[in-house]
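S.K.: Before we start, here is the structure in question, set down as structure tokens.
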Amino acid sequence: MMRIVHKWHKEQERELKQIAESLAYNSWKFTLNAVRNLQDEQFYFTSKVEGMEVMTEMLIFLMQVTDRLVYEAMEPEARSQFIGAMAYRLLDIILDNYADLPEQGPERTDLVGLINERAIDYADFSYGEEGPSYHFLRYFGEKVGAIMGKDQDNKWVIDQMMDIEAPDAIDALKKSIEGIVGITFE
């Protein structure tokens with residue numbers, strides 16, 4: 001079980017960037033947990049790079065979910081700065097983890113392009129009081145499925161991501177947003 005800090009230890013004013021970076025770090029932990037769950041459920045990764053690609057997709061997904069969750073609670077300019085700071089921290093985390101692998105990872109500009117591409121795509125999907133729409137989740141699941149392939153071991157990964165990993169990560173993300181950002185959900 002992974003330890004996640006969902007609140008600040010000391011009550012003091014925090015900068016928006018610091019809050020976003022903390023949430024990005026927690027999102028990384030949620031994503032790492034999801035990939036470990038996939039391995040425990042006997043889904044097969046052909047390489048560590050493939051695992052990183054899945055984690056990258058999930059981090060982008062969680063950033064889009066975060067944007068939807070904070071949408072009404074933040075002014076547009078603050079929200080833009082918040083999501084931007086989160087994106088930059090996620091980029092650093094992703095690139096740092098690729099640096100630990102023997103294979104070369106993507107360039108920073110390629111990851112920025114991927115984040116922007118996904119933001120455009122996710123903009124077409126709704127996110128309501130019940131959470132992400134079926135199409136929002138399906139799009140994410142299909143991106144993970146495309147990375148992992150459709151062989152016998154991985155043919156159900158889309159369902160696993162839609163039905164188990166994404167909802168679990170969203171629940172953990174909401175808890176972190178409540179504790180770190182101070183936005184509450186019903």
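To be explicit about the labels: the chains of the structure tokens are called A, B, and onward in the order shown, and within each one the residues are counted from 1, while ligands get numbers from 1 in the order they are shown.
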For stretch 155-176 of chain A against stretch 42-61 of chain A, with a cut-off of 12 Å and counting only C-alpha atoms, what is the closest atom pair and its distance in Å to one decimal for every residue that makes the cut, ordered by chain and number, as JSON lines?
M.R.:
{"residue": "A:Lys155", "atom": "CA", "partner": "A:Phe43", "partner_atom": "CA", "distance": 8.8}
{"residue": "A:Trp156", "atom": "CA", "partner": "A:Phe43", "partner_atom": "CA", "distance": 8.5}
{"residue": "A:Val157", "atom": "CA", "partner": "A:Phe43", "partner_atom": "CA", "distance": 7.2}
{"residue": "A:Ile158", "atom": "CA", "partner": "A:Phe43", "partner_atom": "CA", "distance": 11.0}
{"residue": "A:Asp159", "atom": "CA", "partner": "A:Phe43", "partner_atom": "CA", "distance": 11.9}
{"residue": "A:Gln160", "atom": "CA", "partner": "A:Phe43", "partner_atom": "CA", "distance": 9.6}
{"residue": "A:Met161", "atom": "CA", "partner": "A:Met58", "partner_atom": "CA", "distance": 9.3}
{"residue": "A:Met162", "atom": "CA", "partner": "A:Met58", "partner_atom": "CA", "distance": 11.2}
{"residue": "A:Glu165", "atom": "CA", "partner": "A:Met58", "partner_atom": "CA", "distance": 9.5}
{"residue": "A:Ala166", "atom": "CA", "partner": "A:Met58", "partner_atom": "CA", "distance": 8.2}
{"residue": "A:Pro167", "atom": "CA", "partner": "A:Phe61", "partner_atom": "CA", "distance": 11.5}
{"residue": "A:Ala169", "atom": "CA", "partner": "A:Met58", "partner_atom": "CA", "distance": 9.2}
{"residue": "A:Ile170", "atom": "CA", "partner": "A:Phe61", "partner_atom": "CA", "distance": 9.8}
{"residue": "A:Leu173", "atom": "CA", "partner": "A:Leu59", "partner_atom": "CA", "distance": 11.2}
S.K.: Please identify all polymer residues within 10 Å of A:Leu69, counting only C-alpha atoms, omitting same-chain residues fewer than 4 positions from it, and present them as an NGL selection string.
M.R.: :A and (63-65 or 73-74 or 127-129 or 131 or 170 or 173-174 or 177 or 183-185)
S.K.: Applying 10 Å and only C-alpha atoms, which residues near A:Leu91 remain after dropping the ones on its own chain fewer than 6 positions away? List them as a short mmCIF file (atom, residue, chain, number, x, y, z; two decimals) with C-alpha atoms, in the first residue's frame.
M.R.:
data_model
loop_
_atom_site.label_atom_id
_atom_site.label_comp_id
_atom_site.auth_asym_id
_atom_site.auth_seq_id
_atom_site.Cartn_x
_atom_site.Cartn_y
_atom_site.Cartn_z
CA ALA A 24 1.02 16.45 -9.54
CA THR A 56 2.03 9.21 -19.10
CA LEU A 59 -1.17 11.39 -15.79
CA ILE A 60 -2.59 13.36 -18.70
CA ALA A 85 2.00 24.40 -13.01
CA ASN A 97 11.53 8.61 -14.64
CA ARG A 108 10.08 17.39 -23.59
CA THR A 109 8.57 19.11 -26.63
CA LEU A 111 5.40 15.38 -24.33
CA VAL A 112 4.10 18.96 -24.41
CA ILE A 115 -0.50 16.92 -23.50
#
S.K.: For A:Gln18, find every residue with an atom within 10 Å (counting only C-alpha atoms), except residues of its own chain fewer than 5 positions away, and show them as a PDB file with N, CA and C atoms, in the first residue's frame.
M.R.:
ATOM      1  N   LEU A  23      -0.076  18.271  -5.925  1.00  0.00           N
ATOM      2  CA  LEU A  23      -1.117  17.446  -6.532  1.00  0.00           C
ATOM      3  C   LEU A  23      -0.549  16.622  -7.694  1.00  0.00           C
ATOM      4  N   ALA A  24       0.373  17.192  -8.452  1.00  0.00           N
ATOM      5  CA  ALA A  24       1.022  16.450  -9.538  1.00  0.00           C
ATOM      6  C   ALA A  24       1.782  15.246  -8.982  1.00  0.00           C
ATOM      7  N   PHE A  82      -2.820  27.169 -12.386  1.00  0.00           N
ATOM      8  CA  PHE A  82      -2.782  25.940 -11.591  1.00  0.00           C
ATOM      9  C   PHE A  82      -2.528  24.720 -12.476  1.00  0.00           C
ATOM     10  N   ALA A  85       0.973  24.810 -13.971  1.00  0.00           N
ATOM     11  CA  ALA A  85       2.000  24.401 -13.007  1.00  0.00           C
ATOM     12  C   ALA A  85       1.969  22.899 -12.796  1.00  0.00           C
ATOM     13  N   MET A  86       0.784  22.344 -12.761  1.00  0.00           N
ATOM     14  CA  MET A  86       0.659  20.890 -12.614  1.00  0.00           C
ATOM     15  C   MET A  86       1.273  20.193 -13.821  1.00  0.00           C
ATOM     16  N   ARG A  89       5.103  20.290 -13.733  1.00  0.00           N
ATOM     17  CA  ARG A  89       5.644  19.359 -12.742  1.00  0.00           C
ATOM     18  C   ARG A  89       5.505  17.914 -13.221  1.00  0.00           C
ATOM     19  N   ILE A 180      -5.457  19.181  -0.159  1.00  0.00           N
ATOM     20  CA  ILE A 180      -4.355  20.047  -0.571  1.00  0.00           C
ATOM     21  C   ILE A 180      -4.855  21.365  -1.135  1.00  0.00           C
TER      22      ILE A 180
END
S.K.: Hey, which of A:Glu15, A:Leu90, A:Met148, A:Phe30 ends up closest to A:Lys175? Count only C-alpha atoms.
M.R.: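 Under the stated criterion, the closest residue is A:Phe30.
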S.K.: Let me make sure I understand: among A:Glu72, A:Asp96, A:Glu21, A:Asp171, which one has the smallest atom-to-atom distance to A:Gly84 if we use only C-alpha atoms?
M.R.: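 Going through A:Glu72, A:Asp96, A:Glu21, A:Asp171 one by one, the smallest distance to A:Gly84 is for A:Glu21.
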S.K.: When DSSP is applied to the backbone of this structure, which of chain A are assigned helix (DSSP H, G or I)? Write them out as a PyMOL selection string.
M.R.: chain A and resi 16-40+48-70+76-99+108-122+134-148+157-181
S.K.: Which neighbours of A:Asp163 fall inside 10 Å, counting only C-alpha atoms, when residues of the same chain fewer than 6 positions from it are skipped, and could you give them as a CSV table (one decimal) with all heavy atoms, in the first residue's frame?
M.R.:
chain,number,residue,atom,x,y,z
A,137,LEU,N,-14.0,8.3,-20.3
A,137,LEU,CA,-13.3,7.1,-19.8
A,137,LEU,C,-12.8,6.1,-21.0
A,137,LEU,O,-11.7,5.6,-20.9
A,137,LEU,CB,-14.2,6.3,-18.9
A,137,LEU,CG,-14.4,7.0,-17.5
A,137,LEU,CD1,-15.5,6.2,-16.7
A,137,LEU,CD2,-13.1,7.0,-16.7
A,138,ARG,N,-13.7,6.0,-22.0
A,138,ARG,CA,-13.4,5.1,-23.1
A,138,ARG,C,-12.2,5.6,-23.9
A,138,ARG,O,-11.3,4.8,-24.2
A,138,ARG,CB,-14.6,5.0,-24.0
A,138,ARG,CG,-14.5,4.0,-25.1
A,138,ARG,CD,-14.5,2.6,-24.7
A,138,ARG,NE,-14.2,1.7,-25.8
A,138,ARG,CZ,-14.2,0.4,-25.7
A,138,ARG,NH1,-14.6,-0.1,-24.5
A,138,ARG,NH2,-13.9,-0.3,-26.7
A,141,GLY,N,-9.2,4.7,-21.8
A,141,GLY,CA,-9.0,3.3,-21.9
A,141,GLY,C,-8.4,2.8,-23.3
A,141,GLY,O,-7.5,2.0,-23.3
A,157,VAL,N,-7.6,-4.8,-21.0
A,157,VAL,CA,-7.0,-3.6,-20.3
A,157,VAL,C,-7.9,-2.4,-20.4
A,157,VAL,O,-8.0,-1.6,-19.5
A,157,VAL,CB,-5.6,-3.4,-20.8
A,157,VAL,CG1,-5.5,-2.7,-22.1
A,157,VAL,CG2,-4.9,-2.5,-19.7
S.K.: For atom CA of A:Ile19 and atom CA of A:Asp67, quote the distance in Å rounded to one decimal.
M.R.: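 Interatomic distance, atom CA of A:Ile19 to atom CA of A:Asp67: 13.7 Å.
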